[in-house]
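Source file: entry-v3.tsv. Holds: TSV, C-alpha atoms.
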chain	number	residue	atom	x	y	z
T	230	MET	CA	-35.79	12.94	5.81
T	231	GLY	CA	-37.97	10.22	7.32
T	232	ASP	CA	-36.71	7.03	8.90
T	233	LYS	CA	-37.16	5.15	5.65
T	234	GLY	CA	-35.15	7.76	3.69
T	235	THR	CA	-32.40	7.71	6.29
T	236	ALA	CA	-32.30	3.92	6.19
T	237	THR	CA	-32.05	3.96	2.37
T	238	ARG	CA	-29.24	6.53	2.45
T	239	GLU	CA	-27.40	4.35	5.01
T	240	ARG	CA	-27.93	1.28	2.88
T	241	ILE	CA	-26.47	3.03	-0.21
T	242	LEU	CA	-23.38	4.12	1.74
T	243	GLU	CA	-22.84	0.70	3.30
T	244	VAL	CA	-23.18	-1.08	-0.03
T	245	ALA	CA	-20.92	1.49	-1.75
T	246	LEU	CA	-18.21	1.06	0.91
T	247	GLN	CA	-18.27	-2.72	0.46
T	248	LEU	CA	-18.10	-2.41	-3.32
T	249	PHE	CA	-15.30	0.20	-3.27
T	250	GLN	CA	-13.28	-2.01	-0.89
T	251	HIS	CA	-13.67	-5.12	-2.99
T	252	LYS	CA	-13.82	-3.80	-6.57
T	253	GLY	CA	-12.19	-0.40	-6.26
T	254	PHE	CA	-13.83	2.97	-6.82
T	255	GLY	CA	-13.23	2.86	-10.58
T	256	GLY	CA	-14.45	-0.72	-10.80
T	257	THR	CA	-17.74	0.10	-9.08
T	258	SER	CA	-20.55	1.51	-11.22
T	259	ILE	CA	-23.76	3.18	-10.14
T	260	SER	CA	-25.48	0.05	-11.52
T	261	ASP	CA	-23.42	-2.12	-9.14
T	262	ILE	CA	-24.58	0.02	-6.23
T	263	LEU	CA	-28.23	-0.16	-7.38
T	264	ASP	CA	-28.05	-3.95	-7.78
T	265	SER	CA	-26.37	-4.56	-4.43
T	266	ALA	CA	-28.66	-2.17	-2.55
T	267	GLY	CA	-31.74	-3.48	-4.36
T	268	ILE	CA	-33.00	0.02	-5.17
T	269	LYS	CA	-34.01	1.95	-8.27
T	270	LYS	CA	-31.92	4.66	-9.95
T	271	GLY	CA	-34.38	7.41	-9.01
T	272	THR	CA	-34.09	6.47	-5.34
T	273	LEU	CA	-30.31	6.72	-5.44
T	274	TYR	CA	-30.37	10.08	-7.22
T	275	PHE	CA	-32.82	11.37	-4.63
T	276	HIS	CA	-30.04	10.92	-2.07
T	277	PHE	CA	-26.87	11.55	-4.10
T	278	THR	CA	-26.16	13.55	-7.25
T	279	SER	CA	-23.16	11.51	-8.44
T	280	LYS	CA	-20.80	8.61	-7.74
T	281	ASP	CA	-18.30	11.23	-6.54
T	282	GLU	CA	-20.72	12.49	-3.92
T	283	ILE	CA	-21.15	8.91	-2.70
T	284	GLY	CA	-17.36	8.43	-2.81
T	285	PHE	CA	-16.59	11.50	-0.73
T	286	THR	CA	-19.36	10.74	1.75
T	287	VAL	CA	-17.95	7.22	2.20
T	288	LEU	CA	-14.40	8.61	2.66
T	289	LYS	CA	-15.53	11.26	5.16
T	290	ARG	CA	-17.29	8.63	7.25
T	291	ALA	CA	-14.27	6.35	7.04
T	292	SER	CA	-12.12	9.27	8.20
T	293	SER	CA	-14.36	9.79	11.24
T	294	GLU	CA	-14.19	6.05	11.92
T	295	LEU	CA	-10.38	6.07	11.65
T	296	SER	CA	-10.22	8.92	14.19
T	297	ALA	CA	-12.55	7.04	16.53
T	298	PHE	CA	-10.52	3.84	16.02
T	299	LEU	CA	-7.25	5.65	16.82
T	300	ASP	CA	-8.84	7.19	19.94
T	301	SER	CA	-10.00	3.73	21.00
T	302	VAL	CA	-6.64	1.98	20.54
T	303	LEU	CA	-4.24	4.77	21.57
T	304	VAL	CA	-4.95	4.13	25.22
T	305	GLY	CA	-2.68	3.28	28.13
T	306	ASP	CA	-0.99	4.75	31.18
T	307	THR	CA	2.10	5.88	29.26
T	308	PRO	CA	2.80	7.04	25.68
T	309	LEU	CA	4.64	3.75	25.06
T	310	ALA	CA	1.67	1.74	26.35
T	311	LYS	CA	-0.47	3.69	23.87
T	312	LEU	CA	1.85	2.73	20.99
T	313	ASP	CA	1.82	-0.93	22.08
T	314	SER	CA	-1.95	-0.80	22.19
T	315	TYR	CA	-1.93	0.73	18.67
T	316	PHE	CA	0.01	-2.23	17.23
T	317	ILE	CA	-2.32	-4.72	18.92
T	318	GLY	CA	-5.37	-2.74	17.81
T	319	ILE	CA	-4.35	-2.71	14.14
T	320	LEU	CA	-3.57	-6.45	14.22
T	321	GLU	CA	-6.88	-7.28	15.92
T	322	SER	CA	-8.89	-5.11	13.53
T	323	GLN	CA	-7.35	-6.91	10.54
T	324	ARG	CA	-7.95	-10.26	12.22
T	325	ARG	CA	-11.61	-9.36	12.69
T	326	LEU	CA	-11.79	-8.51	8.98
T	327	LYS	CA	-10.09	-11.86	8.22
T	328	PHE	CA	-7.50	-9.82	6.29
T	329	VAL	CA	-10.11	-8.81	3.74
T	330	GLY	CA	-10.63	-5.22	2.60
T	331	GLY	CA	-7.44	-3.77	4.04
T	332	CYS	CA	-7.35	-0.04	4.71
T	333	ILE	CA	-9.83	2.01	2.70
T	334	PHE	CA	-7.42	4.96	2.60
T	335	GLY	CA	-4.55	2.82	1.36
T	336	ASN	CA	-6.82	1.34	-1.29
T	337	ALA	CA	-8.17	4.72	-2.35
T	338	ALA	CA	-4.67	6.22	-2.32
T	339	LEU	CA	-3.28	3.60	-4.67
T	340	GLU	CA	-6.27	3.80	-6.96
T	341	MET	CA	-6.73	7.57	-7.13
T	342	SER	CA	-3.48	9.37	-6.19
T	343	ASP	CA	-2.58	9.96	-9.82
T	344	SER	CA	-5.98	10.26	-11.42
T	345	ASN	CA	-8.09	12.38	-9.11
T	346	ALA	CA	-6.46	15.36	-7.38
T	347	LEU	CA	-9.49	16.09	-5.18
T	348	TYR	CA	-9.53	12.56	-3.74
T	349	ALA	CA	-5.72	12.51	-3.46
T	350	ASP	CA	-5.77	15.77	-1.51
T	351	TYR	CA	-8.44	14.48	0.87
T	352	ILE	CA	-6.69	11.14	1.39
T	353	GLY	CA	-3.37	12.95	1.93
T	354	GLN	CA	-4.95	15.01	4.70
T	355	VAL	CA	-6.30	11.86	6.39
T	356	PHE	CA	-2.81	10.29	6.39
T	357	GLU	CA	-1.16	13.50	7.66
T	358	GLN	CA	-3.66	13.64	10.52
T	359	TRP	CA	-2.94	9.98	11.37
T	360	ILE	CA	0.82	10.68	11.28
T	361	GLU	CA	0.40	13.80	13.45
T	362	THR	CA	-1.64	11.85	16.02
T	363	LEU	CA	1.15	9.27	16.29
T	364	ARG	CA	3.88	11.94	16.20
T	365	SER	CA	2.63	13.61	19.35
T	366	ILE	CA	2.56	10.26	21.19
T	367	VAL	CA	6.01	9.28	19.85
T	368	ALA	CA	7.40	12.66	20.99
T	369	ALA	CA	5.94	12.13	24.48
T	370	ALA	CA	7.42	8.61	24.63
T	371	GLN	CA	10.78	10.04	23.60
T	372	SER	CA	10.55	12.72	26.31
T	373	SER	CA	9.94	10.08	28.95
T	374	GLY	CA	12.84	8.01	27.60
T	375	ASP	CA	10.63	5.07	26.69
T	376	ILE	CA	11.58	5.02	23.01
T	377	ARG	CA	14.73	6.03	21.17
T	378	GLY	CA	15.31	9.75	20.87
T	379	ASP	CA	17.90	9.70	18.09
T	380	ILE	CA	15.35	9.81	15.25
T	381	PRO	CA	12.89	12.72	14.86
T	382	ALA	CA	9.38	11.94	16.09
T	383	GLU	CA	7.89	12.84	12.72
T	384	ALA	CA	10.15	10.36	10.92
T	385	LEU	CA	9.21	7.60	13.37
T	386	ALA	CA	5.49	8.40	13.12
T	387	ARG	CA	5.62	8.43	9.32
T	388	HIS	CA	7.58	5.16	9.39
T	389	ILE	CA	4.96	3.57	11.67
T	390	VAL	CA	2.13	4.56	9.31
T	391	ALA	CA	4.05	3.42	6.20
T	392	THR	CA	4.84	0.06	7.84
T	393	THR	CA	1.22	-0.28	8.98
T	394	GLU	CA	-0.03	0.22	5.43
T	395	GLY	CA	2.58	-2.07	3.86
T	396	ALA	CA	2.05	-4.81	6.44
T	397	ILE	CA	-1.75	-4.67	6.11
T	398	MET	CA	-1.23	-5.08	2.35
T	399	LEU	CA	1.06	-8.12	2.73
T	400	ALA	CA	-1.29	-9.73	5.28
T	401	ARG	CA	-4.19	-9.14	2.91
T	402	ILE	CA	-2.45	-10.82	-0.02
T	403	HIS	CA	-1.75	-13.95	2.01
T	404	LYS	CA	-4.92	-13.76	4.15
T	405	HIS	CA	-2.65	-14.37	7.13
T	406	GLU	CA	-1.29	-12.28	9.99
T	407	HIS	CA	2.34	-13.41	9.59
T	408	SER	CA	3.50	-10.18	7.90
T	409	LEU	CA	1.71	-7.93	10.39
T	410	ASN	CA	3.18	-9.88	13.30
T	411	LEU	CA	6.75	-9.77	12.03
T	412	CYS	CA	6.63	-6.13	10.89
T	413	PHE	CA	5.14	-4.88	14.14
T	414	THR	CA	7.39	-7.04	16.32
T	415	SER	CA	10.51	-5.78	14.56
T	416	LEU	CA	9.24	-2.19	14.51
T	417	ARG	CA	8.43	-2.35	18.24
T	418	GLN	CA	11.92	-3.70	18.97
T	419	MET	CA	13.51	-1.01	16.78
T	420	LEU	CA	11.73	1.72	18.75
T	421	ALA	CA	13.39	0.65	22.02
T	422	PRO	CA	15.94	3.06	23.52
T	423	VAL	CA	19.39	2.13	22.25
T	424	ARG	CA	23.03	3.00	22.44
T	425	THR	CA	24.98	2.63	19.20
T	426	LYS	CA	27.80	0.11	19.61
N	654	MET	CA	5.17	-13.36	-35.71
N	655	GLY	CA	6.54	-10.65	-37.96
N	656	ASP	CA	8.14	-7.41	-36.78
N	657	LYS	CA	4.84	-5.60	-37.16
N	658	GLY	CA	2.97	-8.20	-35.11
N	659	THR	CA	5.63	-8.09	-32.41
N	660	ALA	CA	5.46	-4.29	-32.34
N	661	THR	CA	1.66	-4.39	-32.01
N	662	ARG	CA	1.85	-6.90	-29.17
N	663	GLU	CA	4.42	-4.68	-27.42
N	664	ARG	CA	2.23	-1.66	-27.93
N	665	ILE	CA	-0.79	-3.42	-26.39
N	666	LEU	CA	1.25	-4.43	-23.34
N	667	GLU	CA	2.77	-0.97	-22.87
N	668	VAL	CA	-0.60	0.75	-23.15
N	669	ALA	CA	-2.22	-1.81	-20.84
N	670	LEU	CA	0.51	-1.30	-18.22
N	671	GLN	CA	-0.01	2.48	-18.29
N	672	LEU	CA	-3.78	2.11	-18.02
N	673	PHE	CA	-3.63	-0.48	-15.19
N	674	GLN	CA	-1.24	1.79	-13.27
N	675	HIS	CA	-3.38	4.88	-13.64
N	676	LYS	CA	-6.94	3.51	-13.68
N	677	GLY	CA	-6.54	0.14	-12.02
N	678	PHE	CA	-7.10	-3.27	-13.60
N	679	GLY	CA	-10.85	-3.21	-12.91
N	680	GLY	CA	-11.15	0.36	-14.16
N	681	THR	CA	-9.49	-0.49	-17.49
N	682	SER	CA	-11.68	-1.96	-20.21
N	683	ILE	CA	-10.66	-3.66	-23.42
N	684	SER	CA	-12.12	-0.57	-25.16
N	685	ASP	CA	-9.73	1.67	-23.20
N	686	ILE	CA	-6.80	-0.46	-24.40
N	687	LEU	CA	-8.04	-0.36	-28.01
N	688	ASP	CA	-8.49	3.43	-27.88
N	689	SER	CA	-5.11	4.13	-26.30
N	690	ALA	CA	-3.25	1.72	-28.59
N	691	GLY	CA	-5.16	2.95	-31.65
N	692	ILE	CA	-5.95	-0.58	-32.83
N	693	LYS	CA	-9.05	-2.58	-33.71
N	694	LYS	CA	-10.64	-5.26	-31.56
N	695	GLY	CA	-9.71	-8.04	-34.00
N	696	THR	CA	-6.06	-7.05	-33.82
N	697	LEU	CA	-6.08	-7.22	-30.03
N	698	TYR	CA	-7.81	-10.62	-30.00
N	699	PHE	CA	-5.25	-11.92	-32.49
N	700	HIS	CA	-2.62	-11.40	-29.77
N	701	PHE	CA	-4.57	-11.99	-26.56
N	702	THR	CA	-7.68	-14.03	-25.74
N	703	SER	CA	-8.83	-11.95	-22.75
N	704	LYS	CA	-8.10	-9.01	-20.46
N	705	ASP	CA	-6.81	-11.58	-17.94
N	706	GLU	CA	-4.23	-12.83	-20.42
N	707	ILE	CA	-3.08	-9.24	-20.92
N	708	GLY	CA	-3.09	-8.69	-17.15
N	709	PHE	CA	-0.96	-11.75	-16.39
N	710	THR	CA	1.44	-10.99	-19.23
N	711	VAL	CA	1.88	-7.44	-17.87
N	712	LEU	CA	2.45	-8.77	-14.33
N	713	LYS	CA	4.95	-11.40	-15.50
N	714	ARG	CA	6.96	-8.77	-17.33
N	715	ALA	CA	6.81	-6.46	-14.33
N	716	SER	CA	8.05	-9.34	-12.19
N	717	SER	CA	11.05	-9.82	-14.48
N	718	GLU	CA	11.68	-6.09	-14.38
N	719	LEU	CA	11.50	-6.06	-10.58
N	720	SER	CA	14.09	-8.88	-10.44
N	721	ALA	CA	16.34	-6.97	-12.85
N	722	PHE	CA	15.83	-3.77	-10.84
N	723	LEU	CA	16.74	-5.53	-7.58
N	724	ASP	CA	19.83	-7.02	-9.22
N	725	SER	CA	20.83	-3.56	-10.46
N	726	VAL	CA	20.42	-1.79	-7.10
N	727	LEU	CA	21.53	-4.53	-4.70
N	728	VAL	CA	25.17	-3.84	-5.51
N	729	GLY	CA	28.12	-2.92	-3.32
N	730	ASP	CA	31.22	-4.33	-1.67
N	731	THR	CA	29.37	-5.42	1.45
N	732	PRO	CA	25.84	-6.63	2.28
N	733	LEU	CA	25.22	-3.31	4.09
N	734	ALA	CA	26.41	-1.34	1.05
N	735	LYS	CA	23.90	-3.35	-0.99
N	736	LEU	CA	21.07	-2.40	1.38
N	737	ASP	CA	22.10	1.27	1.28
N	738	SER	CA	22.13	1.08	-2.50
N	739	TYR	CA	18.63	-0.49	-2.37
N	740	PHE	CA	17.19	2.46	-0.45
N	741	ILE	CA	18.79	4.96	-2.85
N	742	GLY	CA	17.65	2.93	-5.85
N	743	ILE	CA	13.99	2.86	-4.74
N	744	LEU	CA	14.03	6.59	-4.00
N	745	GLU	CA	15.64	7.40	-7.36
N	746	SER	CA	13.25	5.18	-9.30
N	747	GLN	CA	10.26	6.95	-7.70
N	748	ARG	CA	11.87	10.34	-8.38
N	749	ARG	CA	12.26	9.38	-12.04
N	750	LEU	CA	8.56	8.47	-12.13
N	751	LYS	CA	7.80	11.83	-10.45
N	752	PHE	CA	5.98	9.79	-7.78
N	753	VAL	CA	3.36	8.72	-10.32
N	754	GLY	CA	2.27	5.10	-10.78
N	755	GLY	CA	3.83	3.74	-7.60
N	756	CYS	CA	4.55	0.00	-7.46
N	757	ILE	CA	2.50	-2.11	-9.85
N	758	PHE	CA	2.50	-5.04	-7.40
N	759	GLY	CA	1.30	-2.86	-4.54
N	760	ASN	CA	-1.43	-1.46	-6.76
N	761	ALA	CA	-2.47	-4.87	-8.03
N	762	ALA	CA	-2.33	-6.32	-4.52
N	763	LEU	CA	-4.70	-3.71	-3.11
N	764	GLU	CA	-7.05	-4.01	-6.05
N	765	MET	CA	-7.16	-7.78	-6.44
N	766	SER	CA	-6.12	-9.50	-3.19
N	767	ASP	CA	-9.73	-10.14	-2.21
N	768	SER	CA	-11.41	-10.51	-5.55
N	769	ASN	CA	-9.12	-12.64	-7.69
N	770	ALA	CA	-7.30	-15.55	-6.05
N	771	LEU	CA	-5.18	-16.30	-9.12
N	772	TYR	CA	-3.78	-12.76	-9.25
N	773	ALA	CA	-3.41	-12.64	-5.45
N	774	ASP	CA	-1.42	-15.87	-5.51
N	775	TYR	CA	0.88	-14.60	-8.25
N	776	ILE	CA	1.39	-11.22	-6.56
N	777	GLY	CA	2.03	-12.96	-3.24
N	778	GLN	CA	4.80	-15.01	-4.86
N	779	VAL	CA	6.41	-11.86	-6.28
N	780	PHE	CA	6.47	-10.25	-2.82
N	781	GLU	CA	7.83	-13.41	-1.16
N	782	GLN	CA	10.63	-13.55	-3.74
N	783	TRP	CA	11.43	-9.87	-3.08
N	784	ILE	CA	11.45	-10.52	0.70
N	785	GLU	CA	13.65	-13.61	0.25
N	786	THR	CA	16.16	-11.65	-1.86
N	787	LEU	CA	16.45	-9.03	0.88
N	788	ARG	CA	16.47	-11.66	3.66
N	789	SER	CA	19.62	-13.30	2.34
N	790	ILE	CA	21.40	-9.92	2.19
N	791	VAL	CA	20.14	-8.92	5.65
N	792	ALA	CA	21.36	-12.25	7.05
N	793	ALA	CA	24.80	-11.69	5.49
N	794	ALA	CA	24.94	-8.14	6.92
N	795	GLN	CA	24.01	-9.54	10.33
N	796	SER	CA	26.77	-12.18	10.08
N	797	SER	CA	29.33	-9.49	9.34
N	798	GLY	CA	28.02	-7.41	12.27
N	799	ASP	CA	27.01	-4.51	10.04
N	800	ILE	CA	23.36	-4.53	11.07
N	801	ARG	CA	21.63	-5.51	14.30
N	802	GLY	CA	21.40	-9.23	14.95
N	803	ASP	CA	18.66	-9.18	17.59
N	804	ILE	CA	15.77	-9.38	15.11
N	805	PRO	CA	15.37	-12.34	12.70
N	806	ALA	CA	16.50	-11.58	9.14
N	807	GLU	CA	13.09	-12.56	7.75
N	808	ALA	CA	11.33	-10.07	10.02
N	809	LEU	CA	13.71	-7.28	8.97
N	810	ALA	CA	13.38	-8.14	5.28
N	811	ARG	CA	9.56	-8.24	5.51
N	812	HIS	CA	9.65	-4.94	7.42
N	813	ILE	CA	11.84	-3.35	4.72
N	814	VAL	CA	9.42	-4.42	1.96
N	815	ALA	CA	6.34	-3.28	3.94
N	816	THR	CA	7.95	0.10	4.65
N	817	THR	CA	9.01	0.41	1.00
N	818	GLU	CA	5.43	-0.15	-0.16
N	819	GLY	CA	3.89	2.15	2.45
N	820	ALA	CA	6.42	4.92	1.83
N	821	ILE	CA	5.99	4.73	-1.97
N	822	MET	CA	2.25	5.08	-1.37
N	823	LEU	CA	2.63	8.16	0.88
N	824	ALA	CA	5.10	9.77	-1.56
N	825	ARG	CA	2.67	9.11	-4.39
N	826	ILE	CA	-0.26	10.77	-2.61
N	827	HIS	CA	1.75	13.93	-2.00
N	828	LYS	CA	3.84	13.75	-5.23
N	829	HIS	CA	6.84	14.43	-3.02
N	830	GLU	CA	9.77	12.40	-1.70
N	831	HIS	CA	9.46	13.58	1.92
N	832	SER	CA	7.84	10.35	3.16
N	833	LEU	CA	10.32	8.10	1.34
N	834	ASN	CA	13.24	10.12	2.71
N	835	LEU	CA	12.04	10.04	6.31
N	836	CYS	CA	10.94	6.40	6.28
N	837	PHE	CA	14.18	5.15	4.73
N	838	THR	CA	16.38	7.37	6.91
N	839	SER	CA	14.72	6.13	10.07
N	840	LEU	CA	14.69	2.53	8.86
N	841	ARG	CA	18.39	2.72	7.97
N	842	GLN	CA	19.20	4.12	11.40
N	843	MET	CA	17.09	1.44	13.09
N	844	LEU	CA	19.05	-1.30	11.29
N	845	ALA	CA	22.34	-0.17	12.86
N	846	PRO	CA	23.96	-2.51	15.40
N	847	VAL	CA	22.75	-1.55	18.87
N	848	ARG	CA	23.05	-2.31	22.52
N	849	THR	CA	19.87	-1.97	24.53
N	850	LYS	CA	20.28	0.61	27.30
Any chance you could give the structure as structure tokens?
Amino acid sequence: MGDKGTATRERILEVALQLFQHKGFGGTSISDILDSAGIKKGTLYFHFTSKDEIGFTVLKRASSELSAFLDSVLVGDTPLAKLDSYFIGILESQRRLKFVGGCIFGNAALEMSDSNALYADYIGQVFEQWIETLRSIVAAAQSSGDIRGDIPAEALARHIVATTEGAIMLARIHKHEHSLNLCFTSLRQMLAPVRTK
Amino acid sequence: MGDKGTATRERILEVALQLFQHKGFGGTSISDILDSAGIKKGTLYFHFTSKDEIGFTVLKRASSELSAFLDSVLVGDTPLAKLDSYFIGILESQRRLKFVGGCIFGNAALEMSDSNALYADYIGQVFEQWIETLRSIVAAAQSSGDIRGDIPAEALARHIVATTEGAIMLARIHKHEHSLNLCFTSLRQMLAPVRTK
């Protein structure tokens, strides 16, 4: 494919991502994509055979971007420093987005978990990978005594991802970081090593 | 309105709720509602002037049902018993739904937070009411020393709602209660009174 073809393919995927984020996958038609990209139907079908092919391509790219994002924020000298950097990274990424768009996987999950088993399966794998990435860091932080060891690492990792998704959603409704701040601050405090009274 | 008219109105709202939950608000057309309800366009427009009027009526009913649900599960001899009953109640309600449909407010929030300020405002109020209901119980449980007092009640309440929404979403993707179980078990344990090491 020449440079022009590659650029057109990119443009279709960028426009589709924006539309899916703002109108949902079901709410976005091929016509919407054509209008927003300013291209003709034949040009789109030269690059993609269906809306599903566009949908999966957008999700696969978003999955690669999520992995790269997690690699970029899960940094620090200790496992706990990596978790702290994760909380800051999520908050900053939502701030940059001005609390618009939320998490594409959360959006896709809520829209398609019941109606499209192929998408649900793919989205489920993305979340399990995210949880597994955090689980290994949580387990290391538990081993070094930096976070509480009385709750299994998998439960804590799953809890962190669930709270992340729920807090992004609340921040998005209000277009304000208040919910993300309070949820992450309380979660961070709850991860501290403790002795039951 | 006669019994028949009332029944038709009910039928439209029930069908619309099912469609919004499974296909999203944007993905549901008036035609979808007509087909599923087995009625003619004129009949629908006798009861509702627009899809938005149907949407808001569905959300207002769901809001009343959420209040009634919270009243029914936030029961117990102590504030902590009420919170325990809340976690069980959410899990059981999702089990009854076989992890299909999720939370209508979570779904609507993710679909419409960016695109429809009127809906976003309404949904935001529903979540703030939910958080406030939990905040007052959390504060009472803190006063009685049954849960940790080192994190503000509002932060804990917001955290509980965010985790509830995120865990319902994960359970819905996998059609399994694993995520709800682990998130609520860890959250419950993290609420216990603690002394920092």
With a distance threshold of 7 Å and counting only C-alpha atoms, extract the residues of chain N near chain T and express them as a PDB file with C-alpha atoms, in the frame of the given file.
ATOM      1  CA  HIS N 675      -3.380   4.880 -13.640  1.00  0.00           C
ATOM      2  CA  LYS N 676      -6.940   3.510 -13.680  1.00  0.00           C
ATOM      3  CA  GLY N 677      -6.540   0.140 -12.020  1.00  0.00           C
ATOM      4  CA  GLY N 679     -10.850  -3.210 -12.910  1.00  0.00           C
ATOM      5  CA  GLY N 680     -11.150   0.360 -14.160  1.00  0.00           C
ATOM      6  CA  VAL N 753       3.360   8.720 -10.320  1.00  0.00           C
ATOM      7  CA  GLY N 754       2.270   5.100 -10.780  1.00  0.00           C
ATOM      8  CA  ASN N 760      -1.430  -1.460  -6.760  1.00  0.00           C
ATOM      9  CA  ALA N 762      -2.330  -6.320  -4.520  1.00  0.00           C
ATOM     10  CA  LEU N 763      -4.700  -3.710  -3.110  1.00  0.00           C
ATOM     11  CA  GLU N 764      -7.050  -4.010  -6.050  1.00  0.00           C
ATOM     12  CA  SER N 766      -6.120  -9.500  -3.190  1.00  0.00           C
ATOM     13  CA  ASP N 767      -9.730 -10.140  -2.210  1.00  0.00           C
ATOM     14  CA  SER N 768     -11.410 -10.510  -5.550  1.00  0.00           C
ATOM     15  CA  ALA N 773      -3.410 -12.640  -5.450  1.00  0.00           C
ATOM     16  CA  GLY N 777       2.030 -12.960  -3.240  1.00  0.00           C
ATOM     17  CA  ILE N 804      15.770  -9.380  15.110  1.00  0.00           C
ATOM     18  CA  ALA N 808      11.330 -10.070  10.020  1.00  0.00           C
ATOM     19  CA  LEU N 809      13.710  -7.280   8.970  1.00  0.00           C
ATOM     20  CA  ARG N 811       9.560  -8.240   5.510  1.00  0.00           C
ATOM     21  CA  HIS N 812       9.650  -4.940   7.420  1.00  0.00           C
ATOM     22  CA  ALA N 815       6.340  -3.280   3.940  1.00  0.00           C
ATOM     23  CA  THR N 816       7.950   0.100   4.650  1.00  0.00           C
ATOM     24  CA  GLU N 818       5.430  -0.150  -0.160  1.00  0.00           C
ATOM     25  CA  GLY N 819       3.890   2.150   2.450  1.00  0.00           C
ATOM     26  CA  ALA N 820       6.420   4.920   1.830  1.00  0.00           C
ATOM     27  CA  MET N 822       2.250   5.080  -1.370  1.00  0.00           C
ATOM     28  CA  ARG N 825       2.670   9.110  -4.390  1.00  0.00           C
ATOM     29  CA  ILE N 826      -0.260  10.770  -2.610  1.00  0.00           C
ATOM     30  CA  HIS N 827       1.750  13.930  -2.000  1.00  0.00           C
ATOM     31  CA  SER N 832       7.840  10.350   3.160  1.00  0.00           C
ATOM     32  CA  LEU N 835      12.040  10.040   6.310  1.00  0.00           C
ATOM     33  CA  CYS N 836      10.940   6.400   6.280  1.00  0.00           C
ATOM     34  CA  SER N 839      14.720   6.130  10.070  1.00  0.00           C
ATOM     35  CA  MET N 843      17.090   1.440  13.090  1.00  0.00           C
ATOM     36  CA  PRO N 846      23.960  -2.510  15.400  1.00  0.00           C
ATOM     37  CA  VAL N 847      22.750  -1.550  18.870  1.00  0.00           C
ATOM     38  CA  ARG N 848      23.050  -2.310  22.520  1.00  0.00           C
ATOM     39  CA  THR N 849      19.870  -1.970  24.530  1.00  0.00           C
ATOM     40  CA  LYS N 850      20.280   0.610  27.300  1.00  0.00           C
TER      41      LYS N 850
END
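Between Ala291 of chain T and the candidates T:Leu246, T:Leu303, T:Leu326, T:Ile268, the tightest atom-to-atom separation, counting all atoms listed in the file, involves T:Leu246.
Nearest residue to Ile743 of chain N, choosing from N:Gln671, N:Thr731, N:Ser725, N:Gln795 and counting all atoms listed in the file: N:Ser725.
The coordinates place atom CA of Gly234 of chain T at 26.1 Å from atom CA of Leu295 of chain T.
Atom CA of Ser260 of chain T is positioned 21.5 Å from atom CA of Lys704 of chain N.
Pairwise distance (atom CA of Val302 of chain T, atom CA of Tyr315 of chain T) equals 5.2 Å.
Closest approach to Gln782 of chain N among N:Leu733, N:Val728, N:Leu744, N:Leu723: N:Leu723, based on all atoms listed in the file.
Taking only C-alpha atoms into account, Ala721 of chain N lies nearest to N:Thr786 out of the set N:Leu666, N:Thr786, N:Lys694, N:Ser703.
Shortest atom-to-atom contact with Lys269 of chain T among T:Ile241, T:His405, T:Lys327, T:Arg290: T:Ile241, counting all atoms listed in the file.
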The centre and edge lengths of an axis-aligned box containing all atoms of segment 717-730 of chain N present in the file, extended by 4 Å on each side, are to be given in Å to one decimal, as lines of an AutoDock Vina configuration file.
center_x = 21.1
center_y = -5.8
center_z = -8.1
size_x = 28.2
size_y = 16.0
size_z = 20.8
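Distance annotation: of T:Asp375, T:Glu406, T:Glu239, T:Asp232, the residue with the minimal separation from Ala310 of chain T is T:Asp375; atom set is only C-alpha atoms.
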Review point. Any idea what's packed within 12 Å of Glu706 of chain N, counting all atoms listed in the file, ignoring anything in its chain fewer than 6 positions away? Could you give it as an MDAnalysis selection string?
Key: chainID N and resid 665:666 669 683 697:698 700 712:713 771:772
Quick one: segment 356-363 of chain T with N, CA and C atoms, as a JSON list (two decimals), keeping the file's coordinate frame?
[["chain", "number", "residue", "atom", "x", "y", "z"],
["T", 356, "PHE", "N", -4.08, 10.90, 5.96],
["T", 356, "PHE", "CA", -2.81, 10.29, 6.39],
["T", 356, "PHE", "C", -1.99, 11.24, 7.24],
["T", 357, "GLU", "N", -1.95, 12.54, 6.86],
["T", 357, "GLU", "CA", -1.16, 13.50, 7.66],
["T", 357, "GLU", "C", -1.73, 13.64, 9.07],
["T", 358, "GLN", "N", -3.04, 13.57, 9.20],
["T", 358, "GLN", "CA", -3.66, 13.64, 10.52],
["T", 358, "GLN", "C", -3.29, 12.41, 11.35],
["T", 359, "TRP", "N", -3.32, 11.25, 10.71],
["T", 359, "TRP", "CA", -2.94, 9.98, 11.37],
["T", 359, "TRP", "C", -1.47, 10.08, 11.83],
["T", 360, "ILE", "N", -0.61, 10.54, 10.94],
["T", 360, "ILE", "CA", 0.82, 10.68, 11.28],
["T", 360, "ILE", "C", 1.00, 11.68, 12.43],
["T", 361, "GLU", "N", 0.26, 12.78, 12.40],
["T", 361, "GLU", "CA", 0.40, 13.80, 13.45],
["T", 361, "GLU", "C", -0.08, 13.25, 14.80],
["T", 362, "THR", "N", -1.15, 12.47, 14.77],
["T", 362, "THR", "CA", -1.64, 11.85, 16.02],
["T", 362, "THR", "C", -0.55, 10.96, 16.63],
["T", 363, "LEU", "N", 0.08, 10.14, 15.79],
["T", 363, "LEU", "CA", 1.15, 9.27, 16.29],
["T", 363, "LEU", "C", 2.37, 10.09, 16.69]]
